[in-house]
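Everything below concerns the one structure shown next.
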Amino acid sequence: MMASSYNAKEEDGHHPGSSNHGGTGPSSSKKPDNTAFKQQRLPAWQPILTAGTVLPAFFIIGLIFIPIGIGLYVTSNNIKEFEIDYTGVEPDSPCYICAQNFSWNSTTPCICTVNFTLQQPFENNVYMYYGLSNFYQNHRRYVKSRDDKQLNGDLNNLEDPSSDCEPYRKIGGKAVAPCGAIANSLFNDTLDLSYVESNGTLNSIDLQRKGIAWWTDKHVKFKNPAGSNLSVAFQNTVMPVNWRNPVYNLDPSDPDNNGFINEDFIVWMRTAALPTFRKLYRIIPKKSGAASTLPSGSYRLKIAYNYPVLSFDGRKRMILSTISWMGGKNPFLGIAYITVGSICFFLGIVLLIINHKYGNRSSSADIPN
Amino acid sequence: MTVLKTLQEQWFPLPVPLHRKKKKTGSAGGRWEKRRTEEERKVKANDREYNEKFQYASNCIMTSKYNVLTFLPVNLFEQFQEVANTYFLFLLILQLIPQISSLSWFTTIVPLALVLSITAVKDATDDYFRHKSDNQVNNRQSRVLIRGSLQNEKWMNVRVGDIIKLENNQFVSADLLLLSSSEPHGLCYIETAELDGSENARGRPKQKQQPKKKKKKVGRQNPVVKGVLLSPCRETNMKVRQSVSVTAELGDPNNLATFDGEVVCEPPNNKLDRFCGALCWRDKKYPLTNQNMLLRGCVLRNTEACYGLVIFAGPDTKLMQNSGRTKFKRTSIDRLMNTLVLWIFGFLVCMGVILAVGNAVWEKEVGSLFQSYLPWEPPVDNFLFSSFLSFWSYVIILNTVMPISLYVSVEVIRLGHSYFINWDRQMFCSQRNTAAEARTTTLNEELGQVEYIFSDKTGTLTQNIMSFNKCSINGQTYGEGTDRMGTQPKRLDFTPFNSLADPDFSFYDDKLLELVKVGDPHAQEFFRLLSLCHTVMSEEKSEGELVYKAQSPDEGALVTAARNFGFVFRSRTPGTITTTEMGRTVTYSLLAILDFNNIRKRMSVIVRNPEGRIRLYCKGADTVLLERLHPSNQELMAVTSDHLNEYGADGLRTLALAFRDLSEEEWEVWSESHQFADKATDCREDRLAAAYDKIEQDMMLLGATAIEDKLQEGVPETIALLSLANIKVWVLTGDKQETAVNIGYSCKMLTDDMGEVFIIGGHTVQSVRQELRRARERMVEMSRARDGEKREGMEGRAEACFMGNGFGGGPEGDGGGGKPLQGSSFPSPPSSFMDSISGEFGLVINGHSLAHALEADMELEFVSTACACKAVICCRVTPLQKAQVVELIKKYRKAVTLAVGDGANDVSMIKSAHIGVGISGQEGIQAVLASDYSFAQFRFLQRLLLVHGRWSYLRMCRFLCYFFYKNFAFTMVHFWFGFFCGFSAQTVYDQYFITLYNIVYTSLPVLAMGIFDQDVPEQRSLEYPKLYEPGQLNLLFNKKEFFICIAQGIYTSVVLFFVPYAVLSNSTQSNGVPLADYQTFAVTTATALVIVVSVQIALDTGFWTVINHVFVWGSLGSYFTIMFALHSQTLFRIFPNQFHFVGCAQSTLLKPVVWLTIALATAICVVPVLAFRFLKLDLKPQLSDTVRYTQLVLQKRRKPAGRSLGGVWRGAGSVSESRLGTRGGSRRSGYAFAHQEGFGELITSGKNMRLSSLGLASFASRHSSSWIETLRRKKNPHTPPSASGDSSPAPSRASGPVPPLSNSSSVLGGSQETPIEEETVTEARQDVPTVSCSFGQPAASGSARASPPDDLTSAAVRSHGTDSPGGWTLSLGTVQEALFGWKGTEVRVDASDNQESQHVAMETSQAE
């Protein structure tokens, strides 16, 4: 009943409960319909947890998980991965000087070289990553500090970016393109890899810069503003404060890899979920023939050290990795599968014993009441 | 609509409708102001101009709250008065602050808007109907005297001061001053059925705003209802009103047109029983009282016409002044939920604080250094402020632990359950064409937790129909009882013998008829007495069509019996009684009526027959009457006494009959003394009694009658079943003690197996206290003795099992109930002990003792005594006391109470109990209007509680558990993520996912479970009443369960966060792109979450109907569909700034690693749950689990096994007969006079003759009133023709109690000896003493016996079983249950039950 419970119907006495005084005929019977739904007799499947269903389930889970786990583990183990930290924290590290003397204003990059040795040859395509630690790309303010409309080539937003980009929205009245903290903090170290032949000559390794971004990002999400010439399109904008090159000149080697659709930029813009992350930097394509992509031996990594991380205790790494069907090295998944599978199997056995010893249902199918 | 109406109330308990505050005329708020000005009301008849000065409200009523324009603002305003809504509004505002907003505004506004609009639509619909009903009422026609002529006017145009003509059966259109009527003395009769008991007449001052949590004790402090409540009589809804004598003469319109009296009276108020004013006319002043008023809402009855002056109109009428809000009942789950919501809120704040502290630390340690890449926002200049903002941000994102959809879902589920109750065919009474109705939608799950039932007797347990069942004439007993050979006796057909016979009368013993036909003098005198000695009045509309109006139904039954046996009472005058004896009309002159009273317990008439002989006929209680017999009757007396014992044992009400011949001298002498006594001014009563006593001596015994107070169908069975379900049934009745005890026995509340039935009848505080103490001491004593035996008899192991299995309910099972009986000063055994001994005792307490027992210092003593008893009967209680008893139990036992009743006197009880059930009987609809549930028959209660209530409780608990679980699992992920995102309140999921999670992805499966889930089929829950126990003990959802759910939710959230974290953080796709980007992580976690909670609901759902499948799979499907849609390029192209996740779905979900992660997370989440559930089921199965399992096993087997129960019954029957014999001592003589004295005088004075000739019949059969009600108890017109009895199958005729199954120790805990159900039956055939009582489903029982008996699987049988109303079976299991719950259950199906079962059979066959 509602707030005011007066009701003319009830005043009339025509209350449903008191109905039939007038001798309403059988035609107006109020008998509820005899439908399965209304009588709550819908046919139904009524599963019960019994020893007959639960125990096999445990064994099946175990039997499925363990082989998968082993497979994953083996696959993961076959993947070769090499990782080197070039932050330059320790005084003896080659990039120590660059790290210490970093200045935003320096026009010439500080170059440092790191030598390393691959014990095993890397076959097939080798993927080169840069990794950052303690870098909060997943911070709420950081994540939202971008303007997807601008990045999608919208001309309005190009010149008047969304307020989400604050404080990297405008500089001196001119819009920042690309705006926002993410773009502003674009990773701009350049890494060059050379193979050091046994005779000491450097053999530069061809690093492929394209094909490292998501297809949808590259073709849908990121678009350059309309216009034949990028520098014209971006003429009313300024580049982010931390940048050394304007957005239309990110990749001098390939004019199609400039502007918002620069793949390094796109990769960076896909923010990481966790403060320690890696991002694909280059692909070292497989060599034709039987030769290893990266034969074992000495290598030299030449770094243009532009990206300061020491201030917030960050780390920078370079990673080389091969890939299998399931991706890169991932020992956890395999181990987890094996563990869960084993636990299930073990639980199955324990429950079986418990059920056998103490269970009171499989032995006597009765109602103990 | 009722269902819908209540829905809204629950969500948004609203104050008085707004417009009332604004509108001057109709307002409550305004009323106060107005009242200040309106000190008194002046109304001048026939003078509209004069009256208009005062601007009295017109007779137009408006109960609607909105109009088209005001709807939106007013409705929204009302809705935001609900705390939950305001809370979400507050969140919404928080989200609009950019520094805080961690979620887009739409994540809150979408659900909020959804909820608000659903409610708004519902409110609008309600209001639309209210508009309609208002219009209908306002446009009713009434005859108004305008300028000397009667004109038709709409009700809304009637003005204060108008004179209105009312005709018979018309509604009173406003509060009128009765001016004149067509009846003598300006009398008129009104029926106030709708007024007194209705919700409109709550008596609560409307202006009192009721905060939703404020509790009101209705009844106790209710000044208005009191007038109704205090009267011990039933139904006070027929009233007489009388006009002031001066106006009574103004018979016709012409005179009235010139009437210009002025009424000065009190301002409008809500006091129904009071009116105070004065009429000034022709310079004279006449006081006016309530006696002169006709109130709106009443109906004019038995009065051709009357004229009234409108005093209060429209909103000023007492009816409208009383249309306050209904008392708002909340279930215990509601209260628990409120507590939990507060806890959750506290939890939320804690989480917020933890994360805010984390944020402070992070910003200080890391964030401040990270500023080169992510500077603080301008207003944030230090880490503390940042952490303050972060707190609010986290409050926003964590608020989903207590989502807005919780309330909506709970309401939807309850609504669904209410509809199931309304739709239940097995709670449909075809005789009355009434289906059960859930009038409140908010209480369903509480139906599964009832511990105490307070029942009215008349009309609820009994049909209020008396039938002449047996008699003993001259030492011979007649009646069906003599026939014990199993053949169904034929119902006698009286019509060929006697054209005046009442066709509804049924009697089965043709020997008696033969006796009368052959002219046996004893038999003839017997019936002559019955036709003469009574105070019944007859009405003969046409020749031979007699209608008796008896003061008590007993008398009616006796006179009707005499009528059918050829001694027809035709008519009476103050001095004569005319009868037709064996076709010959005889007129006796009535010399005196020696009326009944409580002390005399007898009545006599002295008549002179046409031959001039004077004879005294007396009927009365055997105890009184047998003392006054002539010594020569010794032998006959002994025989008759035996018969009386026999009848008493069968639960019949008995009367002894005797006569005495008086000589003319004796008569004259006595007559003189009588007249002298009659005229005495002092001690008249005593003198009369002495005079009566003098002549009622040396009487000759004629015999005895036995009248059956017909129970409603299935009452004993229902009570037995409810007892087995550990529900205590208390009968609170206005009847006398003996009657009540009789009924107690016949409906199996009291049994002879009870250790003792204590009767508390003290008149003083001291004696009551004494008696209560003594009773308690006795109980302790007896149960100690019995416990000793039990310990010996019972194997320790069985006991251990019994405890271990959780079926206990014994001493330790009460923990949840919390029985706070400590702290009492009187010496009593420990309360736990008192609790444990319940079940073997009965308590009968009298009205005046109860009054003492309810006093503050005795309450505890009374409660502890009464609650230790299995059955409690309170007699002679006033309606107010009924409510007090209920309140008492509510106060001290913290148990859920249910009150069931059918009359106005039950209203207070119904309102004060947690759940009120109204029996929509013939007593009017007051009880129904006040009730939360209504149906036509008491027996439906078992279905309401054991099936619907149980399911509702189960479903609601499962729903809540799962709901909290899924939201914790969902929300707590953010908490863990906080540690990895710098406590920045970054969400893990896409904001659309957050928006839709609760309202789309996970809402429907859990709703389907909450609405459709069943753990065991309905038949099983009637078969195993113990299944009801978890609800009473509150086992399925309590704080512990809540914490388990929360813990499970948090565990799930940990898994859902850390598994993807561990897997994805370092992994890459097969094209080398790392997987650890935020969007992939979000999609993976979200997908894992949806899958995990879907798997969990799949585990929780025990009853997979098509709908469940559709919802579960549909939800999963919708998740993926919607996700792909939201991540599609199309949407992104339109709103690039809104859909950041473009392409994420396909890119993520195509990766095998993602699926491996999801599978892993699911396994880790579900496996432990599965293992725990399995262990619980395996080691500590609940009864429901076991029943369910057995069901499964039986379904798999589908083996036929013989099930012939006949043998069993014969065995039980033979045992029972011997037991019946041993019961002889407990004779319960009935007293046919359940009424007050004073009627005899009325007859002899002739005062009521005019009234009786007025055609009372029509209204007597329809309605009742306090004084006329006793005339009314004629044969129930709704009784189905008992012709159906001819073909009674009577297969279930097993009578007698079950012998106690004392040594069956294996009934619990699954020892190997316990046979499975089929085997049980087979075994039972041999020698296991069991009773299987198939009641109310003759078709089913018949086929069950004839066909393969596996009725668990046989579809045919099941369908019978489900269709037959009240169909139930007590199988061995139940009886064995009884061992622990209720020792020695007596289940007896006797002949009367058979008869009833036939009615049911008819009903069933009609249904099919």
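Going through the structure tokens in order, the chains are called A, B, and so on, while each chain numbers its residues from 1 and the ligands are numbered from 1 in the order shown.
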Can you build me a table of stretch 37-149 of chain A residues sitting at most 12 Å from stretch 219-231 of chain A, with the closest atom pair per residue and its distance in Å to one decimal, using only C-alpha atoms, sorted by chain and residue number, as JSON lines?
{"residue": "A:Asp147", "atom": "CA", "partner": "A:Phe222", "partner_atom": "CA", "distance": 10.8}
{"residue": "A:Asp148", "atom": "CA", "partner": "A:Lys221", "partner_atom": "CA", "distance": 7.5}
{"residue": "A:Lys149", "atom": "CA", "partner": "A:Lys221", "partner_atom": "CA", "distance": 8.8}
Could the residues in this selection be saved with N, CA, C and O atoms as a PDB file, in the first residue's frame?
ATOM      1  N   ASP A 147      44.615  12.852 -25.250  1.00  0.00           N
ATOM      2  CA  ASP A 147      43.405  13.242 -25.969  1.00  0.00           C
ATOM      3  C   ASP A 147      43.285  12.364 -27.190  1.00  0.00           C
ATOM      4  O   ASP A 147      43.927  12.584 -28.208  1.00  0.00           O
ATOM      5  N   ASP A 148      42.457  11.339 -27.063  1.00  0.00           N
ATOM      6  CA  ASP A 148      42.355  10.378 -28.161  1.00  0.00           C
ATOM      7  C   ASP A 148      41.785  11.006 -29.414  1.00  0.00           C
ATOM      8  O   ASP A 148      42.045  10.545 -30.519  1.00  0.00           O
ATOM      9  N   LYS A 149      41.033  12.044 -29.217  1.00  0.00           N
ATOM     10  CA  LYS A 149      40.460  12.686 -30.386  1.00  0.00           C
ATOM     11  C   LYS A 149      41.555  13.389 -31.184  1.00  0.00           C
ATOM     12  O   LYS A 149      41.593  13.340 -32.410  1.00  0.00           O
TER      13      LYS A 149
END
Report task. Please run DSSP on the backbone and report, as an NGL selection string, all residues within stretch 72-138 of chain A that come out as alpha helix (DSSP H). Result -> :A and (72-78 or 96-100)
Excluding stretch 240-244 of chain A and its own-chain neighbours fewer than 2 positions away, which residues fall within 10 Å of it when counting only C-alpha atoms? Please give them as a PDB file with N, CA, C and O atoms, in the first residue's frame.
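Saved result, selection-v3.pdb, follows:
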ATOM      1  N   TRP A 104      68.029  18.306 -19.229  1.00  0.00           N
ATOM      2  CA  TRP A 104      66.964  18.386 -20.217  1.00  0.00           C
ATOM      3  C   TRP A 104      67.361  19.293 -21.364  1.00  0.00           C
ATOM      4  O   TRP A 104      66.838  19.185 -22.452  1.00  0.00           O
ATOM      5  N   ASN A 105      68.264  20.216 -21.067  1.00  0.00           N
ATOM      6  CA  ASN A 105      68.534  21.236 -22.069  1.00  0.00           C
ATOM      7  C   ASN A 105      69.622  20.861 -23.065  1.00  0.00           C
ATOM      8  O   ASN A 105      69.808  21.537 -24.062  1.00  0.00           O
ATOM      9  N   SER A 106      70.341  19.812 -22.757  1.00  0.00           N
ATOM     10  CA  SER A 106      71.452  19.482 -23.663  1.00  0.00           C
ATOM     11  C   SER A 106      70.910  19.141 -25.039  1.00  0.00           C
ATOM     12  O   SER A 106      69.934  18.443 -25.180  1.00  0.00           O
ATOM     13  N   THR A 107      71.570  19.673 -26.022  1.00  0.00           N
ATOM     14  CA  THR A 107      71.093  19.450 -27.387  1.00  0.00           C
ATOM     15  C   THR A 107      71.676  18.185 -27.983  1.00  0.00           C
ATOM     16  O   THR A 107      71.036  17.513 -28.765  1.00  0.00           O
ATOM     17  N   THR A 108      72.844  17.852 -27.579  1.00  0.00           N
ATOM     18  CA  THR A 108      73.447  16.637 -28.127  1.00  0.00           C
ATOM     19  C   THR A 108      73.246  15.499 -27.137  1.00  0.00           C
ATOM     20  O   THR A 108      73.465  15.668 -25.932  1.00  0.00           O
ATOM     21  N   PRO A 109      72.798  14.375 -27.645  1.00  0.00           N
ATOM     22  CA  PRO A 109      72.565  13.254 -26.740  1.00  0.00           C
ATOM     23  C   PRO A 109      73.862  12.718 -26.177  1.00  0.00           C
ATOM     24  O   PRO A 109      74.907  12.763 -26.826  1.00  0.00           O
ATOM     25  N   TYR A 168      49.925  19.593 -19.710  1.00  0.00           N
ATOM     26  CA  TYR A 168      50.645  19.556 -20.989  1.00  0.00           C
ATOM     27  C   TYR A 168      49.677  19.809 -22.128  1.00  0.00           C
ATOM     28  O   TYR A 168      49.615  19.058 -23.093  1.00  0.00           O
ATOM     29  N   ARG A 169      48.848  20.819 -21.948  1.00  0.00           N
ATOM     30  CA  ARG A 169      47.826  21.051 -22.954  1.00  0.00           C
ATOM     31  C   ARG A 169      48.269  22.142 -23.922  1.00  0.00           C
ATOM     32  O   ARG A 169      48.205  21.963 -25.141  1.00  0.00           O
ATOM     33  N   LYS A 170      48.700  23.224 -23.367  1.00  0.00           N
ATOM     34  CA  LYS A 170      49.108  24.324 -24.235  1.00  0.00           C
ATOM     35  C   LYS A 170      50.376  24.942 -23.684  1.00  0.00           C
ATOM     36  O   LYS A 170      50.585  24.976 -22.467  1.00  0.00           O
ATOM     37  N   ILE A 171      51.170  25.390 -24.585  1.00  0.00           N
ATOM     38  CA  ILE A 171      52.347  26.151 -24.171  1.00  0.00           C
ATOM     39  C   ILE A 171      52.288  27.483 -24.879  1.00  0.00           C
ATOM     40  O   ILE A 171      52.235  27.533 -26.119  1.00  0.00           O
ATOM     41  N   ALA A 175      48.676  24.939 -28.864  1.00  0.00           N
ATOM     42  CA  ALA A 175      48.354  23.596 -28.409  1.00  0.00           C
ATOM     43  C   ALA A 175      49.567  22.702 -28.519  1.00  0.00           C
ATOM     44  O   ALA A 175      50.373  22.811 -29.441  1.00  0.00           O
ATOM     45  N   VAL A 176      49.668  21.811 -27.572  1.00  0.00           N
ATOM     46  CA  VAL A 176      50.724  20.816 -27.631  1.00  0.00           C
ATOM     47  C   VAL A 176      50.222  19.648 -28.455  1.00  0.00           C
ATOM     48  O   VAL A 176      49.113  19.169 -28.259  1.00  0.00           O
ATOM     49  N   ALA A 177      51.009  19.197 -29.366  1.00  0.00           N
ATOM     50  CA  ALA A 177      50.640  18.022 -30.145  1.00  0.00           C
ATOM     51  C   ALA A 177      51.816  17.058 -30.161  1.00  0.00           C
ATOM     52  O   ALA A 177      52.892  17.418 -30.618  1.00  0.00           O
ATOM     53  N   PRO A 178      51.639  15.903 -29.710  1.00  0.00           N
ATOM     54  CA  PRO A 178      50.488  15.365 -28.949  1.00  0.00           C
ATOM     55  C   PRO A 178      50.512  15.860 -27.522  1.00  0.00           C
ATOM     56  O   PRO A 178      51.570  16.014 -26.943  1.00  0.00           O
ATOM     57  N   CYS A 179      49.331  16.102 -27.009  1.00  0.00           N
ATOM     58  CA  CYS A 179      49.258  16.688 -25.681  1.00  0.00           C
ATOM     59  C   CYS A 179      49.271  15.610 -24.615  1.00  0.00           C
ATOM     60  O   CYS A 179      49.140  14.427 -24.899  1.00  0.00           O
ATOM     61  N   GLY A 180      49.417  16.040 -23.379  1.00  0.00           N
ATOM     62  CA  GLY A 180      49.272  15.121 -22.270  1.00  0.00           C
ATOM     63  C   GLY A 180      50.573  14.575 -21.747  1.00  0.00           C
ATOM     64  O   GLY A 180      51.632  14.639 -22.380  1.00  0.00           O
ATOM     65  N   ALA A 181      50.483  14.046 -20.544  1.00  0.00           N
ATOM     66  CA  ALA A 181      51.664  13.561 -19.846  1.00  0.00           C
ATOM     67  C   ALA A 181      52.253  12.327 -20.497  1.00  0.00           C
ATOM     68  O   ALA A 181      53.458  12.112 -20.465  1.00  0.00           O
ATOM     69  N   ALA A 183      52.311  11.455 -23.679  1.00  0.00           N
ATOM     70  CA  ALA A 183      53.096  11.816 -24.847  1.00  0.00           C
ATOM     71  C   ALA A 183      54.349  12.574 -24.435  1.00  0.00           C
ATOM     72  O   ALA A 183      55.444  12.338 -24.970  1.00  0.00           O
ATOM     73  N   ASN A 184      54.174  13.400 -23.468  1.00  0.00           N
ATOM     74  CA  ASN A 184      55.292  14.219 -23.017  1.00  0.00           C
ATOM     75  C   ASN A 184      56.444  13.358 -22.521  1.00  0.00           C
ATOM     76  O   ASN A 184      57.612  13.697 -22.691  1.00  0.00           O
ATOM     77  N   SER A 185      56.107  12.236 -21.929  1.00  0.00           N
ATOM     78  CA  SER A 185      57.160  11.401 -21.342  1.00  0.00           C
ATOM     79  C   SER A 185      57.616  10.307 -22.292  1.00  0.00           C
ATOM     80  O   SER A 185      58.102   9.273 -21.866  1.00  0.00           O
ATOM     81  N   LEU A 186      57.406  10.533 -23.589  1.00  0.00           N
ATOM     82  CA  LEU A 186      57.794   9.518 -24.585  1.00  0.00           C
ATOM     83  C   LEU A 186      59.233   9.072 -24.388  1.00  0.00           C
ATOM     84  O   LEU A 186      60.149   9.880 -24.214  1.00  0.00           O
ATOM     85  N   PHE A 187      59.400   7.774 -24.401  1.00  0.00           N
ATOM     86  CA  PHE A 187      60.726   7.191 -24.230  1.00  0.00           C
ATOM     87  C   PHE A 187      61.563   7.523 -25.446  1.00  0.00           C
ATOM     88  O   PHE A 187      61.185   7.185 -26.576  1.00  0.00           O
ATOM     89  N   ASN A 188      62.674   8.202 -25.231  1.00  0.00           N
ATOM     90  CA  ASN A 188      63.411   8.659 -26.412  1.00  0.00           C
ATOM     91  C   ASN A 188      64.874   8.258 -26.431  1.00  0.00           C
ATOM     92  O   ASN A 188      65.681   8.881 -27.084  1.00  0.00           O
ATOM     93  N   THR A 237      50.857  23.990 -33.743  1.00  0.00           N
ATOM     94  CA  THR A 237      51.069  23.322 -32.476  1.00  0.00           C
ATOM     95  C   THR A 237      52.532  23.393 -32.108  1.00  0.00           C
ATOM     96  O   THR A 237      53.388  23.692 -32.938  1.00  0.00           O
ATOM     97  N   VAL A 238      52.741  23.111 -30.841  1.00  0.00           N
ATOM     98  CA  VAL A 238      54.136  22.984 -30.409  1.00  0.00           C
ATOM     99  C   VAL A 238      54.344  21.568 -29.940  1.00  0.00           C
ATOM    100  O   VAL A 238      53.407  20.859 -29.603  1.00  0.00           O
ATOM    101  N   PRO A 246      59.964  17.502 -33.215  1.00  0.00           N
ATOM    102  CA  PRO A 246      58.514  17.611 -33.321  1.00  0.00           C
ATOM    103  C   PRO A 246      57.916  16.307 -33.793  1.00  0.00           C
ATOM    104  O   PRO A 246      58.604  15.431 -34.318  1.00  0.00           O
ATOM    105  N   VAL A 247      56.619  16.189 -33.577  1.00  0.00           N
ATOM    106  CA  VAL A 247      55.946  14.915 -33.826  1.00  0.00           C
ATOM    107  C   VAL A 247      56.022  14.494 -35.283  1.00  0.00           C
ATOM    108  O   VAL A 247      56.014  13.319 -35.592  1.00  0.00           O
ATOM    109  N   ASN A 249      58.440  14.712 -37.079  1.00  0.00           N
ATOM    110  CA  ASN A 249      59.806  14.376 -37.449  1.00  0.00           C
ATOM    111  C   ASN A 249      60.397  13.340 -36.516  1.00  0.00           C
ATOM    112  O   ASN A 249      61.555  13.391 -36.141  1.00  0.00           O
ATOM    113  N   LEU A 250      59.558  12.402 -36.111  1.00  0.00           N
ATOM    114  CA  LEU A 250      60.022  11.405 -35.140  1.00  0.00           C
ATOM    115  C   LEU A 250      60.924  10.375 -35.777  1.00  0.00           C
ATOM    116  O   LEU A 250      61.824   9.846 -35.153  1.00  0.00           O
ATOM    117  N   ASN A 306      68.912   9.587 -23.519  1.00  0.00           N
ATOM    118  CA  ASN A 306      68.117  10.808 -23.449  1.00  0.00           C
ATOM    119  C   ASN A 306      67.106  10.807 -22.321  1.00  0.00           C
ATOM    120  O   ASN A 306      66.513  11.825 -22.028  1.00  0.00           O
ATOM    121  N   TYR A 307      66.855   9.651 -21.759  1.00  0.00           N
ATOM    122  CA  TYR A 307      65.667   9.500 -20.931  1.00  0.00           C
ATOM    123  C   TYR A 307      66.046   9.331 -19.479  1.00  0.00           C
ATOM    124  O   TYR A 307      66.589   8.305 -19.079  1.00  0.00           O
TER     125      TYR A 307
ATOM    126  N   SER B 372      58.623  14.946 -12.802  1.00  0.00           N
ATOM    127  CA  SER B 372      59.101  15.377 -14.114  1.00  0.00           C
ATOM    128  C   SER B 372      58.241  14.779 -15.219  1.00  0.00           C
ATOM    129  O   SER B 372      58.082  15.371 -16.279  1.00  0.00           O
ATOM    130  N   TYR B 373      57.709  13.614 -14.980  1.00  0.00           N
ATOM    131  CA  TYR B 373      56.822  13.020 -15.974  1.00  0.00           C
ATOM    132  C   TYR B 373      55.355  13.229 -15.645  1.00  0.00           C
ATOM    133  O   TYR B 373      54.505  13.271 -16.520  1.00  0.00           O
TER     134      TYR B 373
END
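Each of B:Ser1184, B:Thr1052, B:Thr317, B:Ser1115 was checked against B:Leu954 using only C-alpha atoms; the smallest atom-to-atom distance is that of B:Ser1184.
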Report task. Determine, counting only C-alpha atoms, which protein, DNA and RNA residues have an atom within 9 Å of an atom of B:Asn85; residues of the same chain fewer than 6 positions away are not included. Present the result as a VMD selection string. Result -> chain B and resid 79 112 115 to 116 404
Requested in this report: Excluding A:Ser198 and residues on its chain fewer than 2 positions from it, collect all residues at most 12 Å away from it, counting only C-alpha atoms, and give them as a ChimeraX atom specification.
Outcome: /A:117,195-196,200-203,295-299
Query raised in the report: Between B:Val1093, B:Val244, B:Val366, B:Cys874, which one has atoms that come closest to chain A, using only C-alpha atoms?
Result: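 Ranked by minimum distance to chain A, first place goes to B:Val366.
When atom CA of B:Phe527 is paired with atom CA of B:Cys471, their separation reads 10.6 Å.
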Query raised in the report: When DSSP works through the backbone of this structure, what residues of stretch 103-306 of chain A end up as strand (DSSP E or B), shown as number ranges by chain?
Result: A: 110-118, 122, 126-133, 170-171, 174-176, 190-196, 202-204, 208, 237-238, 272, 277-284, 294, 297-305
Query raised in the report: If you count only C-alpha atoms, which residues fall within 8 Å of A:Ala272, apart from same-chain ones fewer than 6 positions away, as JSON, numbers by chain?
Result: {"A": [137, 138], "B": [1076, 1077, 1078]}
